[in-house]
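Engineer: Structure file protein37.cif (mmCIF, C-alpha atoms) is given on the next line.
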```cif
data_final
#
loop_
_atom_site.group_PDB
_atom_site.id
_atom_site.type_symbol
_atom_site.label_atom_id
_atom_site.label_comp_id
_atom_site.auth_asym_id
_atom_site.auth_seq_id
_atom_site.Cartn_x
_atom_site.Cartn_y
_atom_site.Cartn_z
ATOM 1 C CA MET A 154 33.254 -47.290 7.089
ATOM 2 C CA ASN A 155 32.789 -47.966 10.751
ATOM 3 C CA ALA A 156 31.652 -51.408 11.792
ATOM 4 C CA LYS A 157 28.215 -51.594 13.302
ATOM 5 C CA THR A 158 28.015 -51.688 17.066
ATOM 6 C CA PRO A 159 27.236 -55.276 18.049
ATOM 7 C CA ALA A 160 23.807 -55.953 19.519
ATOM 8 C CA PRO A 161 23.806 -56.238 23.296
ATOM 9 C CA ALA A 162 24.209 -59.757 24.587
ATOM 10 C CA PHE A 163 21.460 -61.301 26.650
ATOM 11 C CA PRO A 164 22.540 -63.674 29.408
ATOM 12 C CA SER A 165 21.595 -67.300 29.007
ATOM 13 C CA VAL A 166 18.832 -68.506 31.285
ATOM 14 C CA PRO A 167 19.902 -71.491 33.429
ATOM 15 C CA PRO A 168 17.630 -74.528 33.702
ATOM 16 C CA GLN A 169 16.547 -73.970 37.302
ATOM 17 C CA ALA A 170 15.343 -70.392 36.714
ATOM 18 C CA PRO A 171 11.540 -70.010 36.547
ATOM 19 C CA GLN A 172 10.427 -69.134 33.011
ATOM 20 C CA PHE A 173 7.330 -68.295 31.000
ATOM 21 C CA PRO A 174 6.636 -70.160 27.726
ATOM 22 C CA PRO A 175 8.020 -68.549 24.526
ATOM 23 C CA SER A 176 5.910 -65.737 23.081
ATOM 24 C CA LEU A 177 6.028 -62.836 20.645
ATOM 25 C CA ARG A 178 6.316 -60.468 23.615
ATOM 26 C CA GLY A 179 9.789 -61.796 24.386
ATOM 27 C CA ALA A 180 11.047 -61.054 20.888
ATOM 28 C CA LEU A 181 9.471 -57.590 20.969
ATOM 29 C CA CYS A 182 11.130 -56.739 24.280
ATOM 30 C CA ARG A 183 14.506 -57.929 23.054
ATOM 31 C CA ALA A 184 14.078 -55.691 20.012
ATOM 32 C CA LEU A 185 13.064 -52.769 22.249
ATOM 33 C CA LEU A 186 16.145 -53.155 24.426
ATOM 34 C CA ARG A 187 18.390 -53.300 21.367
ATOM 35 C CA LEU A 188 16.780 -50.247 19.769
ATOM 36 C CA THR A 189 17.028 -48.172 22.936
ATOM 37 C CA GLY A 190 20.604 -49.216 23.633
ATOM 38 C CA TRP A 191 19.968 -50.973 26.929
ATOM 39 C CA ARG A 192 22.295 -53.804 27.874
ATOM 40 C CA ILE A 193 21.875 -56.694 30.270
ATOM 41 C CA THR A 194 25.153 -57.780 31.823
ATOM 42 C CA GLY A 195 26.196 -60.470 34.247
ATOM 43 C CA GLU A 196 25.100 -64.058 34.785
ATOM 44 C CA LEU A 197 21.798 -65.395 36.012
ATOM 45 C CA PRO A 198 22.176 -67.839 38.905
ATOM 46 C CA ASP A 199 21.130 -71.445 38.429
ATOM 47 C CA VAL A 200 18.899 -71.652 41.497
ATOM 48 C CA PRO A 201 15.119 -72.220 41.670
ATOM 49 C CA LYS A 202 14.387 -69.803 44.513
ATOM 50 C CA LEU A 203 15.809 -66.410 45.455
ATOM 51 C CA VAL A 204 15.028 -62.805 46.284
ATOM 52 C CA ILE A 205 16.199 -60.194 43.741
ATOM 53 C CA ILE A 206 16.787 -56.635 44.922
ATOM 54 C CA GLY A 207 17.090 -53.757 42.455
ATOM 55 C CA ALA A 208 18.684 -50.354 43.100
ATOM 56 C CA PRO A 209 19.064 -47.429 42.737
ATOM 57 C CA HIS A 210 15.301 -47.082 42.304
ATOM 58 C CA SER A 211 14.810 -43.438 41.359
ATOM 59 C CA SER A 212 12.268 -43.441 38.533
ATOM 60 C CA ASN A 213 9.167 -45.184 37.217
ATOM 61 C CA TRP A 214 11.304 -46.014 34.183
ATOM 62 C CA ASP A 215 13.085 -48.588 36.353
ATOM 63 C CA GLY A 216 9.897 -50.639 36.281
ATOM 64 C CA VAL A 217 9.602 -50.286 32.496
ATOM 65 C CA TRP A 218 13.140 -51.526 31.825
ATOM 66 C CA SER A 219 12.860 -54.251 34.460
ATOM 67 C CA LEU A 220 9.687 -55.532 32.835
ATOM 68 C CA ALA A 221 11.349 -55.451 29.400
ATOM 69 C CA PHE A 222 14.317 -57.352 30.818
ATOM 70 C CA LYS A 223 12.046 -59.934 32.440
ATOM 71 C CA VAL A 224 9.897 -60.503 29.352
ATOM 72 C CA ALA A 225 12.889 -60.520 26.972
ATOM 73 C CA LEU A 226 14.395 -63.436 28.880
ATOM 74 C CA ARG A 227 11.005 -65.005 29.708
ATOM 75 C CA LEU A 228 11.907 -64.864 33.393
ATOM 76 C CA ASP A 229 9.012 -65.479 35.749
ATOM 77 C CA VAL A 230 10.025 -62.918 38.376
ATOM 78 C CA ARG A 231 7.277 -62.189 40.900
ATOM 79 C CA PHE A 232 6.563 -59.106 43.013
ATOM 80 C CA ILE A 233 4.475 -58.361 46.098
ATOM 81 C CA ILE A 234 1.290 -56.360 45.745
ATOM 82 C CA LYS A 235 -1.790 -55.695 47.842
ATOM 83 C CA ASN A 236 -4.202 -58.608 47.493
ATOM 84 C CA ASP A 237 -7.017 -56.370 46.215
ATOM 85 C CA TYR A 238 -5.087 -55.652 43.008
ATOM 86 C CA THR A 239 -4.960 -59.344 42.078
ATOM 87 C CA LYS A 240 -8.752 -59.545 42.018
ATOM 88 C CA GLY A 241 -11.484 -58.029 39.871
ATOM 89 C CA VAL A 242 -11.164 -56.905 36.265
ATOM 90 C CA LEU A 243 -7.431 -56.177 36.399
ATOM 91 C CA GLY A 244 -6.625 -59.252 38.488
ATOM 92 C CA PRO A 245 -5.588 -61.524 35.594
ATOM 93 C CA LEU A 246 -3.324 -58.809 34.161
ATOM 94 C CA VAL A 247 -1.646 -58.118 37.507
ATOM 95 C CA ARG A 248 -1.117 -61.805 38.203
ATOM 96 C CA GLY A 249 0.097 -62.335 34.639
ATOM 97 C CA LEU A 250 2.727 -59.643 35.137
ATOM 98 C CA GLY A 251 3.941 -61.461 38.250
ATOM 99 C CA GLY A 252 1.946 -59.991 41.117
ATOM 100 C CA ILE A 253 1.593 -62.067 44.287
ATOM 101 C CA GLY A 254 -1.280 -60.797 46.417
ATOM 102 C CA ILE A 255 -0.577 -60.204 50.105
ATOM 103 C CA ASP A 256 -3.293 -59.752 52.720
ATOM 104 C CA ARG A 257 -2.036 -56.859 54.824
ATOM 105 C CA ASN A 258 -4.907 -57.310 57.269
ATOM 106 C CA ALA A 259 -4.185 -60.987 57.886
ATOM 107 C CA ALA A 260 -3.020 -62.323 61.204
ATOM 108 C CA HIS A 261 0.287 -63.355 59.609
ATOM 109 C CA ASP A 262 2.708 -60.644 58.517
ATOM 110 C CA VAL A 263 4.157 -60.235 55.024
ATOM 111 C CA VAL A 264 7.319 -62.172 55.894
ATOM 112 C CA THR A 265 5.289 -65.169 57.058
ATOM 113 C CA GLN A 266 3.052 -65.055 53.983
ATOM 114 C CA MET A 267 6.043 -64.914 51.652
ATOM 115 C CA ARG A 268 7.788 -67.752 53.507
ATOM 116 C CA GLN A 269 4.668 -69.802 52.849
ATOM 117 C CA GLN A 270 4.735 -68.819 49.171
ATOM 118 C CA PHE A 271 8.327 -70.005 48.860
ATOM 119 C CA ALA A 272 7.532 -73.241 50.698
ATOM 120 C CA ARG A 273 4.620 -74.196 48.449
ATOM 121 C CA ARG A 274 6.353 -73.467 45.114
ATOM 122 C CA ASP A 275 9.030 -75.468 43.352
ATOM 123 C CA LYS A 276 10.437 -72.275 41.830
ATOM 124 C CA LEU A 277 10.089 -68.647 42.907
ATOM 125 C CA TRP A 278 12.144 -65.563 42.100
ATOM 126 C CA LEU A 279 10.826 -62.564 44.024
ATOM 127 C CA GLY A 280 11.788 -58.997 43.042
ATOM 128 C CA ILE A 281 11.931 -56.210 45.647
ATOM 129 C CA THR A 282 13.176 -52.602 45.666
ATOM 130 C CA PRO A 283 14.908 -52.265 49.054
ATOM 131 C CA GLU A 284 14.685 -48.479 49.103
ATOM 132 C CA GLY A 285 10.895 -48.740 49.050
ATOM 133 C CA THR A 286 10.565 -45.373 47.276
ATOM 134 C CA ARG A 287 11.958 -43.399 44.351
ATOM 135 C CA LYS A 288 13.247 -40.745 46.761
ATOM 136 C CA LYS A 289 16.684 -40.870 48.319
ATOM 137 C CA VAL A 290 16.665 -42.572 51.723
ATOM 138 C CA LYS A 291 19.336 -42.974 54.368
ATOM 139 C CA LYS A 292 18.133 -46.385 55.495
ATOM 140 C CA TRP A 293 16.870 -49.198 53.293
ATOM 141 C CA LYS A 294 13.884 -51.304 54.271
ATOM 142 C CA SER A 295 14.938 -54.692 55.615
ATOM 143 C CA GLY A 296 11.882 -56.642 54.449
ATOM 144 C CA PHE A 297 13.806 -58.391 51.674
ATOM 145 C CA TRP A 298 16.394 -59.599 54.212
ATOM 146 C CA HIS A 299 13.754 -60.988 56.571
ATOM 147 C CA ILE A 300 11.891 -62.710 53.720
ATOM 148 C CA ALA A 301 15.062 -64.298 52.325
ATOM 149 C CA ARG A 302 16.161 -65.429 55.777
ATOM 150 C CA ALA A 303 12.750 -66.880 56.633
ATOM 151 C CA ALA A 304 12.573 -68.723 53.295
ATOM 152 C CA HIS A 305 16.241 -69.834 53.445
ATOM 153 C CA VAL A 306 17.001 -68.433 49.990
ATOM 154 C CA PRO A 307 19.881 -66.273 48.698
ATOM 155 C CA VAL A 308 19.671 -62.658 47.525
ATOM 156 C CA GLN A 309 20.558 -61.698 43.956
ATOM 157 C CA LEU A 310 21.843 -58.143 43.528
ATOM 158 C CA LEU A 311 20.623 -56.258 40.444
ATOM 159 C CA TYR A 312 21.562 -52.687 39.597
ATOM 160 C CA PHE A 313 20.460 -49.907 37.273
ATOM 161 C CA HIS A 314 23.225 -47.761 35.779
ATOM 162 C CA TYR A 315 21.677 -45.139 33.526
ATOM 163 C CA PRO A 316 24.876 -43.439 32.230
ATOM 164 C CA ASP A 317 25.570 -46.463 30.021
ATOM 165 C CA ARG A 318 22.017 -47.879 29.981
ATOM 166 C CA THR A 319 22.858 -51.032 31.845
ATOM 167 C CA ILE A 320 20.837 -53.430 33.928
ATOM 168 C CA GLY A 321 23.463 -55.472 35.711
ATOM 169 C CA LEU A 322 23.411 -58.750 37.570
ATOM 170 C CA GLY A 323 25.752 -58.663 40.515
ATOM 171 C CA PRO A 324 26.705 -61.352 43.019
ATOM 172 C CA LEU A 325 24.396 -63.885 44.613
ATOM 173 C CA ILE A 326 24.535 -63.250 48.363
ATOM 174 C CA GLU A 327 24.135 -65.858 51.068
ATOM 175 C CA LEU A 328 22.854 -63.971 54.095
ATOM 176 C CA SER A 329 24.289 -64.295 57.583
ATOM 177 C CA ASP A 330 22.397 -63.914 60.854
ATOM 178 C CA ASP A 331 23.693 -60.334 61.196
ATOM 179 C CA LEU A 332 21.236 -57.913 59.574
ATOM 180 C CA ASP A 333 23.410 -54.815 59.979
ATOM 181 C CA ALA A 334 26.518 -56.465 58.535
ATOM 182 C CA ASP A 335 24.620 -57.861 55.551
ATOM 183 C CA MET A 336 22.953 -54.530 54.829
ATOM 184 C CA ALA A 337 26.286 -52.723 55.029
ATOM 185 C CA ARG A 338 28.018 -54.991 52.506
ATOM 186 C CA ILE A 339 25.024 -54.916 50.157
ATOM 187 C CA ARG A 340 24.767 -51.109 50.321
ATOM 188 C CA ALA A 341 28.502 -50.844 49.656
ATOM 189 C CA TYR A 342 28.129 -52.838 46.440
ATOM 190 C CA TYR A 343 25.674 -50.283 45.005
ATOM 191 C CA VAL A 344 27.812 -47.186 45.621
ATOM 192 C CA PRO A 345 29.227 -46.934 42.046
ATOM 193 C CA PHE A 346 25.867 -47.116 40.276
ATOM 194 C CA GLN A 347 23.745 -44.184 39.150
ATOM 195 C CA GLY A 348 19.992 -44.371 38.650
ATOM 196 C CA ARG A 349 18.027 -42.102 36.366
ATOM 197 C CA ASN A 350 17.742 -39.371 39.017
ATOM 198 C CA ARG A 351 20.250 -40.322 41.709
ATOM 199 C CA GLY A 352 22.592 -42.914 43.169
ATOM 200 C CA THR A 353 22.314 -44.709 46.497
ATOM 201 C CA VAL A 354 24.651 -42.409 48.471
#
```
As structure tokens, what does this structure read like?
Structural biologist:
Amino acid sequence: MNAKTPAPAFPSVPPQAPQFPPSLRGALCRALLRLTGWRITGELPDVPKLVIIGAPHSSNWDGVWSLAFKVALRLDVRFIIKNDYTKGVLGPLVRGLGGIGIDRNAAHDVVTQMRQQFARRDKLWLGITPEGTRKKVKKWKSGFWHIARAAHVPVQLLYFHYPDRTIGLGPLIELSDDLDADMARIRAYYVPFQGRNRGTV
């Protein structure tokens, strides 16, 4: 009789990482990930502030598994959204899921607004998809780089690899002052990974 396949390990959450209080949702998401065979690999960095980028982003399912990953570990990972969506009836839900409203009509640009968000918070992990779309693109958007540089925070690489149902935590990158060089080494890291519908090359 074959031994049962061991349940996927969940990385430990370091003390400086922003977290939500314990809840039933966390246990349910851990059970969901186990039942569907998704694994979370790698180590979470012990830093209070960073920008997380996730790729390849080729399907709406990326958001589903990312949310399950976040809730399973009780990680308070935030994302940027138009300010209008954080108001009204759905406002509490959007903010509860991690949405940070940005005023796109404001005098200050998104980078400035996010630098201010980082400055006023003791802890902030911000998630961004650098491709900016589910379609294949030749050039990634550099907004994450500018935000991280302006806020003086590192960039955590996170990948989706659908062939073996893995969400992986890669290296924590300290950015230089050379945008092109940083983008090249980050893009190179993602070459082996395959999203649900495509890779990054």
Engineer: Lys276 in chain A: which residues within 12 Å, counting all atoms listed in the file, same-chain residues fewer than 6 positions away excluded, as JSON, numbers by chain?
Structural biologist: {"A": [168, 169, 170, 171, 172, 173, 199, 200, 201, 202, 203, 204, 228, 229, 230, 231, 270, 306]}
Engineer: Please report the interatomic distance between CA of Arg351 in chain A and CA of Pro209 in chain A in Å with one decimal.
Structural biologist: 7.3 Å
Engineer: From (23.2, -50.9, 43.1), in the file's coordinates, out to 7 Å: which residues are reached, counting all atoms listed in the file? Answer as a PyMOL selection string.
Structural biologist: chain A and resi 207-209+311-313+342-344+346
Engineer: Quick one: apply the PyMOL selection byres ((chain A and resi 302) around 12) to the file and drop the selected residues here as a VMD selection string.
Structural biologist: chain A and resid 203 to 204 264 to 265 267 to 268 271 295 to 301 303 to 308 326 to 332 335
Engineer: With distances taken over all atoms listed in the file, which residue among A:Gly241, A:Asn213, A:Val224, A:Arg318 lies nearest Ser176 in chain A?
Structural biologist: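 Checking each candidate against Ser176 in chain A, we get A:Val224 as the closest.
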Engineer: Rounded to one decimal place, report the CA of His314 in chain A-CA of Ala337 in chain A distance in Å.
Structural biologist: 20.1 Å
Engineer: Would you compute the distance between CA of Gly285 in chain A and CA of Ile206 in chain A? Give it in Å to one decimal.
Structural biologist: 10.7 Å
Engineer: Leaving out Thr286 in chain A and any residue of its chain fewer than 6 positions from it, which residues lie within 10 Å of it when counting all atoms listed in the file, given as a ChimeraX atom specification?
Structural biologist: /A:209-212,293-294
Engineer: Counting all atoms listed in the file, select every polymer residue within 8 Å of (20.1, -46.5, 53.1) as defined in the file's coordinates, and provide the selection as a list in words.
Structural biologist: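 It turns out the residues near that spot are Glu284, Val290, Lys291, Lys292, Trp293, Lys294, Arg340, Thr353 and Val354 of chain A.
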Engineer: Which residue out of A:Ile339, A:Leu325, A:Cys182, A:Leu188 has the minimum interatomic distance to Val217 in chain A when all atoms listed in the file are used?
Structural biologist: A:Cys182
Engineer: Report as a PyMOL selection string the full result of the PyMOL selection byres ((chain A and resi 220) around 12) when it is applied to this structure.
Structural biologist: chain A and resi 178-179+182-183+185-186+213-219+221-232+249-251+280+320
Engineer: Between A:Ala272, A:Ile281, A:Val247, A:Ile255, which is the closest to Lys235 in chain A once you count only C-alpha atoms?
Structural biologist: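 Closest to Lys235 in chain A of all the choices is A:Ile255.
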Engineer: N, CA and C atoms for range 238-273 of chain A, written as a PDB file, in the coordinates of the input, could you do that?
Structural biologist:
```pdb
ATOM      1  N   TYR A 238      -5.447 -55.904  44.399  1.00  0.00           N
ATOM      2  CA  TYR A 238      -5.087 -55.652  43.008  1.00  0.00           C
ATOM      3  C   TYR A 238      -5.017 -56.926  42.170  1.00  0.00           C
ATOM      4  N   THR A 239      -5.012 -58.085  42.821  1.00  0.00           N
ATOM      5  CA  THR A 239      -4.960 -59.344  42.078  1.00  0.00           C
ATOM      6  C   THR A 239      -6.363 -59.893  41.819  1.00  0.00           C
ATOM      7  N   LYS A 240      -7.373 -59.122  42.209  1.00  0.00           N
ATOM      8  CA  LYS A 240      -8.752 -59.545  42.018  1.00  0.00           C
ATOM      9  C   LYS A 240      -9.458 -58.588  41.053  1.00  0.00           C
ATOM     10  N   GLY A 241     -10.696 -58.912  40.716  1.00  0.00           N
ATOM     11  CA  GLY A 241     -11.484 -58.029  39.871  1.00  0.00           C
ATOM     12  C   GLY A 241     -11.037 -58.043  38.424  1.00  0.00           C
ATOM     13  N   VAL A 242     -11.397 -56.974  37.707  1.00  0.00           N
ATOM     14  CA  VAL A 242     -11.164 -56.905  36.265  1.00  0.00           C
ATOM     15  C   VAL A 242      -9.673 -56.954  35.926  1.00  0.00           C
ATOM     16  N   LEU A 243      -8.863 -56.240  36.701  1.00  0.00           N
ATOM     17  CA  LEU A 243      -7.431 -56.177  36.399  1.00  0.00           C
ATOM     18  C   LEU A 243      -6.639 -57.321  37.024  1.00  0.00           C
ATOM     19  N   GLY A 244      -7.304 -58.164  37.796  1.00  0.00           N
ATOM     20  CA  GLY A 244      -6.625 -59.252  38.488  1.00  0.00           C
ATOM     21  C   GLY A 244      -5.796 -60.145  37.582  1.00  0.00           C
ATOM     22  N   PRO A 245      -6.370 -60.658  36.483  1.00  0.00           N
ATOM     23  CA  PRO A 245      -5.588 -61.524  35.594  1.00  0.00           C
ATOM     24  C   PRO A 245      -4.347 -60.839  35.020  1.00  0.00           C
ATOM     25  N   LEU A 246      -4.469 -59.545  34.697  1.00  0.00           N
ATOM     26  CA  LEU A 246      -3.324 -58.809  34.161  1.00  0.00           C
ATOM     27  C   LEU A 246      -2.231 -58.684  35.213  1.00  0.00           C
ATOM     28  N   VAL A 247      -2.620 -58.296  36.428  1.00  0.00           N
ATOM     29  CA  VAL A 247      -1.646 -58.118  37.507  1.00  0.00           C
ATOM     30  C   VAL A 247      -0.944 -59.432  37.831  1.00  0.00           C
ATOM     31  N   ARG A 248      -1.714 -60.491  37.927  1.00  0.00           N
ATOM     32  CA  ARG A 248      -1.117 -61.805  38.203  1.00  0.00           C
ATOM     33  C   ARG A 248      -0.246 -62.266  37.042  1.00  0.00           C
ATOM     34  N   GLY A 249      -0.693 -61.959  35.812  1.00  0.00           N
ATOM     35  CA  GLY A 249       0.097 -62.335  34.639  1.00  0.00           C
ATOM     36  C   GLY A 249       1.433 -61.624  34.573  1.00  0.00           C
ATOM     37  N   LEU A 250       1.478 -60.407  35.109  1.00  0.00           N
ATOM     38  CA  LEU A 250       2.727 -59.643  35.137  1.00  0.00           C
ATOM     39  C   LEU A 250       3.647 -60.093  36.267  1.00  0.00           C
ATOM     40  N   GLY A 251       3.109 -60.924  37.177  1.00  0.00           N
ATOM     41  CA  GLY A 251       3.941 -61.461  38.250  1.00  0.00           C
ATOM     42  C   GLY A 251       3.517 -61.087  39.648  1.00  0.00           C
ATOM     43  N   GLY A 252       2.373 -60.430  39.799  1.00  0.00           N
ATOM     44  CA  GLY A 252       1.946 -59.991  41.117  1.00  0.00           C
ATOM     45  C   GLY A 252       1.520 -61.132  42.024  1.00  0.00           C
ATOM     46  N   ILE A 253       2.019 -61.130  43.246  1.00  0.00           N
ATOM     47  CA  ILE A 253       1.593 -62.067  44.287  1.00  0.00           C
ATOM     48  C   ILE A 253       0.833 -61.263  45.330  1.00  0.00           C
ATOM     49  N   GLY A 254      -0.452 -61.552  45.487  1.00  0.00           N
ATOM     50  CA  GLY A 254      -1.280 -60.797  46.417  1.00  0.00           C
ATOM     51  C   GLY A 254      -0.969 -61.116  47.868  1.00  0.00           C
ATOM     52  N   ILE A 255      -0.841 -60.071  48.676  1.00  0.00           N
ATOM     53  CA  ILE A 255      -0.577 -60.204  50.105  1.00  0.00           C
ATOM     54  C   ILE A 255      -1.720 -59.562  50.886  1.00  0.00           C
ATOM     55  N   ASP A 256      -2.240 -60.269  51.863  1.00  0.00           N
ATOM     56  CA  ASP A 256      -3.293 -59.752  52.720  1.00  0.00           C
ATOM     57  C   ASP A 256      -2.661 -58.995  53.880  1.00  0.00           C
ATOM     58  N   ARG A 257      -2.677 -57.673  53.788  1.00  0.00           N
ATOM     59  CA  ARG A 257      -2.036 -56.859  54.824  1.00  0.00           C
ATOM     60  C   ARG A 257      -2.844 -56.816  56.123  1.00  0.00           C
ATOM     61  N   ASN A 258      -4.084 -57.283  56.070  1.00  0.00           N
ATOM     62  CA  ASN A 258      -4.907 -57.310  57.269  1.00  0.00           C
ATOM     63  C   ASN A 258      -4.923 -58.685  57.933  1.00  0.00           C
ATOM     64  N   ALA A 259      -4.189 -59.626  57.360  1.00  0.00           N
ATOM     65  CA  ALA A 259      -4.185 -60.987  57.886  1.00  0.00           C
ATOM     66  C   ALA A 259      -3.427 -61.062  59.198  1.00  0.00           C
ATOM     67  N   ALA A 260      -3.691 -62.132  59.911  1.00  0.00           N
ATOM     68  CA  ALA A 260      -3.020 -62.323  61.204  1.00  0.00           C
ATOM     69  C   ALA A 260      -1.512 -62.515  61.010  1.00  0.00           C
ATOM     70  N   HIS A 261      -1.130 -63.137  59.884  1.00  0.00           N
ATOM     71  CA  HIS A 261       0.287 -63.355  59.609  1.00  0.00           C
ATOM     72  C   HIS A 261       0.857 -62.143  58.869  1.00  0.00           C
ATOM     73  N   ASP A 262       2.089 -61.790  59.170  1.00  0.00           N
ATOM     74  CA  ASP A 262       2.708 -60.644  58.517  1.00  0.00           C
ATOM     75  C   ASP A 262       3.194 -61.016  57.121  1.00  0.00           C
ATOM     76  N   VAL A 263       3.712 -60.030  56.400  1.00  0.00           N
ATOM     77  CA  VAL A 263       4.157 -60.235  55.024  1.00  0.00           C
ATOM     78  C   VAL A 263       5.281 -61.265  54.956  1.00  0.00           C
ATOM     79  N   VAL A 264       6.205 -61.224  55.905  1.00  0.00           N
ATOM     80  CA  VAL A 264       7.319 -62.172  55.894  1.00  0.00           C
ATOM     81  C   VAL A 264       6.803 -63.602  55.995  1.00  0.00           C
ATOM     82  N   THR A 265       5.858 -63.826  56.896  1.00  0.00           N
ATOM     83  CA  THR A 265       5.289 -65.169  57.058  1.00  0.00           C
ATOM     84  C   THR A 265       4.558 -65.612  55.793  1.00  0.00           C
ATOM     85  N   GLN A 266       3.781 -64.705  55.200  1.00  0.00           N
ATOM     86  CA  GLN A 266       3.052 -65.055  53.983  1.00  0.00           C
ATOM     87  C   GLN A 266       4.005 -65.396  52.840  1.00  0.00           C
ATOM     88  N   MET A 267       5.100 -64.639  52.724  1.00  0.00           N
ATOM     89  CA  MET A 267       6.043 -64.914  51.652  1.00  0.00           C
ATOM     90  C   MET A 267       6.839 -66.193  51.931  1.00  0.00           C
ATOM     91  N   ARG A 268       7.132 -66.475  53.191  1.00  0.00           N
ATOM     92  CA  ARG A 268       7.788 -67.752  53.507  1.00  0.00           C
ATOM     93  C   ARG A 268       6.902 -68.916  53.075  1.00  0.00           C
ATOM     94  N   GLN A 269       5.606 -68.764  53.267  1.00  0.00           N
ATOM     95  CA  GLN A 269       4.668 -69.802  52.849  1.00  0.00           C
ATOM     96  C   GLN A 269       4.624 -69.932  51.324  1.00  0.00           C
ATOM     97  N   GLN A 270       4.704 -68.784  50.635  1.00  0.00           N
ATOM     98  CA  GLN A 270       4.735 -68.819  49.171  1.00  0.00           C
ATOM     99  C   GLN A 270       5.961 -69.580  48.665  1.00  0.00           C
ATOM    100  N   PHE A 271       7.109 -69.306  49.260  1.00  0.00           N
ATOM    101  CA  PHE A 271       8.327 -70.005  48.860  1.00  0.00           C
ATOM    102  C   PHE A 271       8.222 -71.494  49.159  1.00  0.00           C
ATOM    103  N   ALA A 272       7.618 -71.834  50.297  1.00  0.00           N
ATOM    104  CA  ALA A 272       7.532 -73.241  50.698  1.00  0.00           C
ATOM    105  C   ALA A 272       6.628 -74.055  49.779  1.00  0.00           C
ATOM    106  N   ARG A 273       5.585 -73.429  49.242  1.00  0.00           N
ATOM    107  CA  ARG A 273       4.620 -74.196  48.449  1.00  0.00           C
ATOM    108  C   ARG A 273       4.956 -74.241  46.956  1.00  0.00           C
TER     109      ARG A 273
END
```
